[in-house]
>>> print(open('final-v8.cif').read())   # mmCIF, C-alpha atoms
data_target
#
loop_
_atom_site.label_atom_id
_atom_site.label_comp_id
_atom_site.auth_asym_id
_atom_site.auth_seq_id
_atom_site.Cartn_x
_atom_site.Cartn_y
_atom_site.Cartn_z
CA MET V 20 88.00 167.49 62.93
CA GLY V 21 89.57 164.34 61.53
CA PHE V 22 88.28 165.14 58.07
CA VAL V 23 89.51 168.75 58.29
CA LEU V 24 93.03 167.59 59.17
CA ALA V 25 92.97 165.05 56.34
CA TRP V 26 91.75 167.79 53.96
CA ILE V 27 94.57 170.13 55.01
CA ARG V 28 97.16 167.39 54.52
CA GLY V 29 95.65 166.56 51.14
CA VAL V 30 95.79 170.18 49.98
CA ALA V 31 99.40 170.45 51.17
CA ALA V 32 100.30 167.23 49.33
CA ALA V 33 98.61 168.49 46.14
CA VAL V 34 100.59 171.75 46.32
CA VAL V 35 103.84 169.81 46.67
CA LEU V 36 102.94 167.48 43.80
CA LEU V 37 102.04 170.36 41.48
CA THR V 38 105.19 172.38 42.30
CA ALA V 39 108.26 170.55 43.62
CA GLY V 40 106.79 167.25 42.44
CA VAL V 41 107.45 168.19 38.82
CA PHE V 42 111.20 168.10 39.53
CA SER V 43 111.24 164.90 41.62
CA PRO V 44 111.50 161.52 39.82
CA ARG V 45 109.68 159.83 42.72
CA LEU V 46 106.86 162.39 42.97
CA ARG V 47 106.28 162.56 39.20
CA GLY V 48 105.09 158.96 39.40
CA TYR V 49 102.55 159.92 42.04
CA LEU V 50 101.47 162.89 39.91
CA ARG V 51 100.66 160.59 36.98
CA GLN V 52 98.82 158.22 39.30
CA PHE V 53 96.84 161.12 40.80
CA ALA V 54 95.79 162.28 37.32
CA ARG V 55 94.49 158.80 36.51
CA GLU V 56 92.70 158.42 39.84
CA VAL V 57 90.72 161.67 39.53
CA GLY V 58 89.81 160.93 35.93
CA VAL V 59 91.89 163.64 34.28
CA ALA V 60 93.94 161.06 32.40
CA LYS V 61 91.38 158.86 30.66
CA PRO V 62 92.47 155.25 30.11
CA HIS V 63 93.19 154.23 26.53
CA VAL V 64 91.01 151.33 25.42
CA GLY V 65 92.39 150.32 22.02
CA PRO V 66 91.95 146.94 20.30
CA PHE V 67 93.07 144.71 23.17
CA PRO V 68 90.42 143.07 25.38
CA ALA V 69 90.75 143.85 29.06
CA LYS V 70 91.38 141.24 31.71
CA ARG V 71 91.07 141.97 35.41
CA PRO V 72 94.27 141.43 37.41
CA ASP V 73 92.45 138.76 39.47
CA PHE V 74 92.24 136.58 36.36
CA VAL V 75 95.87 136.88 35.28
CA GLY V 76 97.83 133.81 36.33
CA ASP V 77 97.06 131.60 39.32
CA PRO V 78 95.73 133.71 42.24
CA THR V 79 96.46 130.96 44.78
CA LEU V 80 100.23 131.10 44.39
CA PRO V 81 102.28 133.03 47.00
CA LEU V 82 104.22 135.94 45.50
CA ALA V 83 107.55 137.50 46.45
CA LEU V 84 107.45 141.31 46.17
CA PRO V 85 110.71 142.72 47.54
CA GLY V 86 111.42 146.42 47.20
CA LEU V 87 107.91 147.81 46.78
CA ASP V 88 108.93 151.47 47.22
CA ALA V 89 108.85 153.13 43.80
CA GLN V 90 110.00 156.18 41.86
CA ASP V 91 109.14 157.63 38.46
CA GLY V 92 110.18 155.11 35.85
CA ASN V 93 109.15 152.08 37.94
CA VAL V 94 106.09 149.93 37.34
CA SER V 95 103.24 150.38 39.81
CA ALA V 96 102.76 148.03 42.76
CA LEU V 97 99.80 146.41 40.97
CA GLU V 98 101.86 145.95 37.80
CA LEU V 99 104.65 144.43 39.86
CA ALA V 100 102.19 141.94 41.37
CA VAL V 101 100.82 141.02 37.91
CA LEU V 102 104.33 140.38 36.61
CA ALA V 103 105.18 138.32 39.68
CA ARG V 104 102.03 136.22 39.28
CA LEU V 105 102.71 135.59 35.58
CA VAL V 106 106.23 134.40 36.38
CA LYS V 107 105.08 132.31 39.32
CA SER V 108 102.30 130.73 37.24
CA ARG V 109 104.35 130.00 34.11
CA ALA V 110 107.63 129.09 35.86
CA PRO V 111 109.91 130.35 33.05
CA MET V 112 113.51 129.18 33.15
CA LEU V 113 114.96 131.87 30.86
CA LEU V 114 113.67 135.42 31.25
CA TRP V 115 114.66 138.57 29.38
CA GLU V 116 114.00 142.15 30.42
CA ILE V 117 114.62 144.98 27.95
CA GLY V 118 115.10 148.08 30.08
CA THR V 119 116.66 147.49 33.51
CA PHE V 120 116.42 151.02 34.94
CA ASP V 121 117.09 150.64 38.70
CA GLY V 122 116.47 146.86 38.76
CA ARG V 123 113.33 146.88 40.92
CA THR V 124 111.32 144.82 38.43
CA THR V 125 114.33 142.65 37.60
CA ARG V 126 114.60 141.62 41.23
CA VAL V 127 110.92 140.68 41.42
CA LEU V 128 111.15 138.62 38.23
CA ALA V 129 114.10 136.72 39.70
CA ALA V 130 112.42 136.32 43.11
CA ASN V 131 109.39 134.60 41.56
CA ALA V 132 111.23 132.52 38.96
CA PRO V 133 111.98 128.86 39.78
CA ALA V 134 115.27 127.66 41.24
CA GLY V 135 117.84 127.47 38.47
CA ALA V 136 116.13 130.11 36.31
CA GLN V 137 118.19 132.82 34.63
CA VAL V 138 117.10 136.44 34.24
CA HIS V 139 118.91 138.51 31.62
CA THR V 140 118.38 142.26 31.66
CA LEU V 141 119.61 144.88 29.20
CA ASP V 142 119.92 148.61 29.79
CA LEU V 143 121.31 151.59 27.90
CA PRO V 144 124.21 153.02 29.93
CA ALA V 145 124.39 156.77 30.54
CA ASP V 146 127.37 157.08 28.21
CA GLY V 147 125.22 155.63 25.42
CA LEU V 148 123.17 158.82 25.16
CA GLY V 149 123.68 160.47 21.79
CA ARG V 150 124.89 157.23 20.22
CA THR V 151 121.65 155.23 19.95
CA ALA V 152 120.43 153.62 16.73
CA HIS V 153 117.10 155.45 17.03
CA ALA V 154 116.20 158.75 18.65
CA LEU V 155 114.96 158.55 22.23
CA SER V 156 111.93 160.42 23.49
CA PRO V 157 113.22 163.68 25.08
CA SER V 158 111.74 162.88 28.49
CA GLU V 159 113.61 159.56 28.60
CA ARG V 160 117.04 161.12 28.89
CA ASP V 161 116.71 161.69 32.64
CA LEU V 162 115.81 158.01 33.11
CA VAL V 163 118.99 156.97 31.32
CA LYS V 164 121.14 159.37 33.38
CA LYS V 165 121.51 157.33 36.55
CA PRO V 166 124.60 156.28 38.52
CA SER V 167 124.21 152.61 37.63
CA SER V 168 121.74 150.16 36.13
CA GLY V 169 120.25 147.54 38.41
CA ALA V 170 121.15 149.18 41.71
CA ARG V 171 118.01 147.76 43.36
CA PHE V 172 119.08 144.11 42.91
CA ALA V 173 122.78 144.63 43.66
CA GLY V 174 123.79 142.71 46.78
CA THR V 175 120.41 140.94 47.14
CA PRO V 176 119.85 137.16 47.17
CA GLU V 177 118.12 137.48 43.77
CA GLN V 178 121.29 138.79 42.13
CA ALA V 179 122.58 135.21 41.76
CA LYS V 180 119.89 134.60 39.12
CA ILE V 181 120.48 137.87 37.24
CA THR V 182 122.88 138.70 34.40
CA GLN V 183 123.22 142.39 33.61
CA HIS V 184 123.94 143.50 30.03
CA LEU V 185 124.65 147.04 28.88
CA GLY V 186 123.99 148.34 25.39
CA ASP V 187 121.49 149.62 22.85
CA SER V 188 118.64 147.13 22.42
CA ALA V 189 118.41 147.97 18.71
CA THR V 190 121.99 146.78 18.08
CA PHE V 191 122.54 144.29 20.92
CA ASP V 192 123.08 140.71 19.70
CA PHE V 193 120.23 138.60 21.08
CA THR V 194 120.94 135.62 18.80
CA PRO V 195 122.69 133.47 21.46
CA TRP V 196 119.28 133.23 23.19
CA ARG V 197 117.20 132.83 20.03
CA ARG V 198 114.05 130.72 20.64
CA GLN V 199 115.15 130.07 24.22
CA ALA V 200 113.27 132.63 26.32
CA ASP V 201 110.08 131.73 28.17
CA PHE V 202 109.32 135.26 29.38
CA VAL V 203 110.18 138.69 27.96
CA PHE V 204 109.39 142.03 29.58
CA VAL V 205 109.64 144.97 27.18
CA ASP V 206 110.20 148.22 29.07
CA GLY V 207 112.99 150.01 27.21
CA SER V 208 112.72 153.22 25.23
CA HIS V 209 109.16 154.32 24.56
CA ALA V 210 109.97 155.85 21.16
CA ALA V 211 107.97 154.09 18.44
CA ALA V 212 111.07 152.91 16.56
CA TYR V 213 112.36 151.22 19.70
CA VAL V 214 109.02 149.64 20.56
CA VAL V 215 108.98 148.06 17.09
CA SER V 216 112.61 146.98 17.41
CA ASP V 217 112.21 145.59 20.94
CA THR V 218 109.04 143.74 19.93
CA ASN V 219 110.96 142.13 17.08
CA ARG V 220 113.67 141.12 19.56
CA ALA V 221 111.03 139.61 21.82
CA GLY V 222 109.77 137.62 18.83
CA LEU V 223 113.28 136.35 18.11
CA LEU V 224 113.73 135.27 21.73
CA THR V 225 110.40 133.43 22.05
CA ASP V 226 109.54 132.26 18.50
CA ASP V 227 107.73 128.88 18.41
CA ARG V 228 107.90 128.53 22.21
CA LYS V 229 105.28 128.63 24.92
CA ALA V 230 106.20 132.04 26.24
CA VAL V 231 104.88 135.23 27.75
CA VAL V 232 105.70 138.68 26.36
CA VAL V 233 104.68 141.75 28.37
CA TRP V 234 104.88 145.43 27.37
CA HIS V 235 104.81 148.28 29.88
CA ASP V 236 103.36 151.81 29.52
CA TYR V 237 100.59 151.00 27.05
CA GLY V 238 98.04 153.80 27.12
CA GLU V 239 100.52 156.20 28.73
CA TRP V 240 103.33 156.69 26.20
CA PRO V 241 102.19 157.40 22.61
CA GLY V 242 105.06 155.44 21.05
CA VAL V 243 104.08 152.29 22.95
CA THR V 244 100.34 152.75 22.51
CA GLU V 245 100.28 153.53 18.80
CA THR V 246 102.80 150.82 17.94
CA LEU V 247 100.97 148.08 19.83
CA ASP V 248 97.63 149.18 18.42
CA THR V 249 99.12 148.79 14.93
CA LEU V 250 100.64 145.39 15.78
CA ALA V 251 97.51 144.10 17.53
CA PRO V 252 96.34 141.90 14.58
CA THR V 253 99.64 139.98 14.76
CA LEU V 254 99.46 139.49 18.55
CA LYS V 255 96.73 136.87 18.64
CA GLY V 256 95.27 136.49 22.12
CA ALA V 257 97.06 139.50 23.61
CA TYR V 258 95.17 141.46 26.27
CA ARG V 259 95.62 144.49 28.47
CA VAL V 260 95.45 144.18 32.23
CA ALA V 261 92.77 146.52 33.63
CA GLY V 262 94.07 149.15 36.03
CA THR V 263 97.60 148.88 34.64
CA THR V 264 99.61 149.91 31.57
CA LEU V 265 100.52 146.29 30.79
CA VAL V 266 99.76 144.38 27.60
CA VAL V 267 100.28 140.62 27.90
CA TRP V 268 100.76 138.15 25.08
CA GLU V 269 100.78 134.53 26.21
CA ARG V 270 101.91 133.01 22.94
CA ASN V 271 101.46 129.32 22.15
CA VAL V 272 100.05 128.82 25.68
#
>>> encode(input="final-v8.cif", output="structure tokens")
Amino acid sequence: MGFVLAWIRGVAAAVVLLTAGVFSPRLRGYLRQFAREVGVAKPHVGPFPAKRPDFVGDPTLPLALPGLDAQDGNVSALELAVLARLVKSRAPMLLWEIGTFDGRTTRVLAANAPAGAQVHTLDLPADGLGRTAHALSPSERDLVKKPSSGARFAGTPEQAKITQHLGDSATFDFTPWRRQADFVFVDGSHAAAYVVSDTNRAGLLTDDRKAVVVWHDYGEWPGVTETLDTLAPTLKGAYRVAGTTLVVWERNV
């Protein structure tokens, strides 16, 4: 009887996911995850060697993971833990995030960074639609149309470490932080032109430093996947984290 009830609930959940779920930002994330879990969405392998999450960073360090509840556009819980462990292990003092969205990841970066660290995060405001340097992917427009960027860290203890910037990452002036960043998380537009541009900005921020650069949505968004596959020969030592859509480049480490 227990199995029958679980089966009925599962069928009902599948119906919701395949109907109303298409129109819900939160449920669309579960729909993608469901497709991967049942093997419909095959993982992209590409040129990057895989590393299990257990072997990324120091597994003995305690992590802070506030705000685990997610919606479409957020990283997964596993991805959030990997990012937290990388920050906790490397103890970066200047972090940059390209693509704030609701600020869930921003908050976790700040929560795991050392005392005195600064987290800068850049997001395209809703009124920037139609005025970007490069064309956005059509499905990204709904992610840009939100009441405010960084709502998830507003009013939290972590906000003291965070500086919010608004603008187009392709035209934003990153030069004041040139060669100063220890950690960069690239999760802005997934259009190929922006992935190239944001990767160049990450290079400007971290050049010649011991730093970590992480890209999100590899293997899921074609613009990210194809661009990173092309750039792979220049990203010496970069690897993908198994079970996630993260590519990590620990440069000069």
>>> residues_around(input="final-v8.cif", residues="segment 186-191 of chain V", least_positions_apart="5", cutoff="9 Å", atoms="only C-alpha atoms", output="mmCIF file with C-alpha atoms, in the coordinates of the input")
data_model
loop_
_atom_site.group_PDB
_atom_site.id
_atom_site.type_symbol
_atom_site.label_atom_id
_atom_site.label_comp_id
_atom_site.auth_asym_id
_atom_site.auth_seq_id
_atom_site.Cartn_x
_atom_site.Cartn_y
_atom_site.Cartn_z
ATOM 1 C CA ILE V 117 114.620 144.980 27.950
ATOM 2 C CA GLY V 118 115.100 148.080 30.080
ATOM 3 C CA LEU V 141 119.610 144.880 29.200
ATOM 4 C CA ASP V 142 119.920 148.610 29.790
ATOM 5 C CA LEU V 143 121.310 151.590 27.900
ATOM 6 C CA PRO V 144 124.210 153.020 29.930
ATOM 7 C CA GLY V 147 125.220 155.630 25.420
ATOM 8 C CA ARG V 150 124.890 157.230 20.220
ATOM 9 C CA THR V 151 121.650 155.230 19.950
ATOM 10 C CA ALA V 152 120.430 153.620 16.730
ATOM 11 C CA HIS V 153 117.100 155.450 17.030
ATOM 12 C CA GLY V 207 112.990 150.010 27.210
ATOM 13 C CA SER V 208 112.720 153.220 25.230
ATOM 14 C CA TYR V 213 112.360 151.220 19.700
ATOM 15 C CA SER V 216 112.610 146.980 17.410
ATOM 16 C CA ASP V 217 112.210 145.590 20.940
ATOM 17 C CA ARG V 220 113.670 141.120 19.560
#
>>> residues_near_point(input="final-v8.cif", point="(110.8, 134.7, 18.8)", cutoff="12 Å", atoms="all atoms listed in the file", output="PyMOL selection string")
chain V and resi 115+193-194+196-203+217-232+270-271
>>> atom_distance(input="final-v8.cif", atom1="atom CA of Ala89 of chain V", atom2="atom CA of Ala136 of chain V")
25.3 Å
>>> closest_residue(input="final-v8.cif", among="V:Trp240, V:Leu162, V:Val272, V:Arg104", to="Asp91 of chain V", atoms="all atoms listed in the file")
V:Leu162
>>> atom_distance(input="final-v8.cif", atom1="atom CA of Ala110 of chain V", atom2="atom CA of Asp192 of chain V")
25.2 Å
>>> atom_distance(input="final-v8.cif", atom1="atom CA of Phe74 of chain V", atom2="atom CA of Val260 of chain V")
9.2 Å
>>> resolve_selection(input="final-v8.cif", expression="the PyMOL selection byres ((chain V and resi 87) around 12)", output="PyMOL selection string")
chain V and resi 83-86+88-90+93-100+122-124+126-127+171
>>> write_last_selection(input="final-v8.cif", atoms="C-alpha atoms", output="CSV table (one decimal), keeping the file's coordinate frame")
chain,number,residue,atom,x,y,z
V,83,ALA,CA,107.6,137.5,46.4
V,84,LEU,CA,107.4,141.3,46.2
V,85,PRO,CA,110.7,142.7,47.5
V,86,GLY,CA,111.4,146.4,47.2
V,88,ASP,CA,108.9,151.5,47.2
V,89,ALA,CA,108.8,153.1,43.8
V,90,GLN,CA,110.0,156.2,41.9
V,93,ASN,CA,109.2,152.1,37.9
V,94,VAL,CA,106.1,149.9,37.3
V,95,SER,CA,103.2,150.4,39.8
V,96,ALA,CA,102.8,148.0,42.8
V,97,LEU,CA,99.8,146.4,41.0
V,98,GLU,CA,101.9,146.0,37.8
V,99,LEU,CA,104.6,144.4,39.9
V,100,ALA,CA,102.2,141.9,41.4
V,122,GLY,CA,116.5,146.9,38.8
V,123,ARG,CA,113.3,146.9,40.9
V,124,THR,CA,111.3,144.8,38.4
V,126,ARG,CA,114.6,141.6,41.2
V,127,VAL,CA,110.9,140.7,41.4
V,171,ARG,CA,118.0,147.8,43.4
>>> resolve_selection(input="final-v8.cif", expression="the PyMOL selection byres ((chain V and resi 248) around 12)", output="list in words")
His63, Val64, Gly65, Pro66, Phe67, Pro68, Ala211, Val214, Val215, Tyr237, Gly238, Pro241, Gly242, Val243, Thr244, Glu245, Thr246, Leu247, Thr249, Leu250, Ala251, Pro252, Thr253, Leu254, Ala257, Tyr258, Arg259 and Val266 of chain V
>>> write_last_selection(input="final-v8.cif", atoms="C-alpha atoms", output="mmCIF file, in the coordinates of the input")
data_model
loop_
_atom_site.group_PDB
_atom_site.id
_atom_site.type_symbol
_atom_site.label_atom_id
_atom_site.label_comp_id
_atom_site.auth_asym_id
_atom_site.auth_seq_id
_atom_site.Cartn_x
_atom_site.Cartn_y
_atom_site.Cartn_z
ATOM 1 C CA HIS V 63 93.190 154.230 26.530
ATOM 2 C CA VAL V 64 91.010 151.330 25.420
ATOM 3 C CA GLY V 65 92.390 150.320 22.020
ATOM 4 C CA PRO V 66 91.950 146.940 20.300
ATOM 5 C CA PHE V 67 93.070 144.710 23.170
ATOM 6 C CA PRO V 68 90.420 143.070 25.380
ATOM 7 C CA ALA V 211 107.970 154.090 18.440
ATOM 8 C CA VAL V 214 109.020 149.640 20.560
ATOM 9 C CA VAL V 215 108.980 148.060 17.090
ATOM 10 C CA TYR V 237 100.590 151.000 27.050
ATOM 11 C CA GLY V 238 98.040 153.800 27.120
ATOM 12 C CA PRO V 241 102.190 157.400 22.610
ATOM 13 C CA GLY V 242 105.060 155.440 21.050
ATOM 14 C CA VAL V 243 104.080 152.290 22.950
ATOM 15 C CA THR V 244 100.340 152.750 22.510
ATOM 16 C CA GLU V 245 100.280 153.530 18.800
ATOM 17 C CA THR V 246 102.800 150.820 17.940
ATOM 18 C CA LEU V 247 100.970 148.080 19.830
ATOM 19 C CA THR V 249 99.120 148.790 14.930
ATOM 20 C CA LEU V 250 100.640 145.390 15.780
ATOM 21 C CA ALA V 251 97.510 144.100 17.530
ATOM 22 C CA PRO V 252 96.340 141.900 14.580
ATOM 23 C CA THR V 253 99.640 139.980 14.760
ATOM 24 C CA LEU V 254 99.460 139.490 18.550
ATOM 25 C CA ALA V 257 97.060 139.500 23.610
ATOM 26 C CA TYR V 258 95.170 141.460 26.270
ATOM 27 C CA ARG V 259 95.620 144.490 28.470
ATOM 28 C CA VAL V 266 99.760 144.380 27.600
#
>>> closest_residue(input="final-v8.cif", among="V:Ala210, V:Gly135, V:Arg109, V:Ala170", to="Pro157 of chain V", atoms="all atoms listed in the file")
V:Ala210
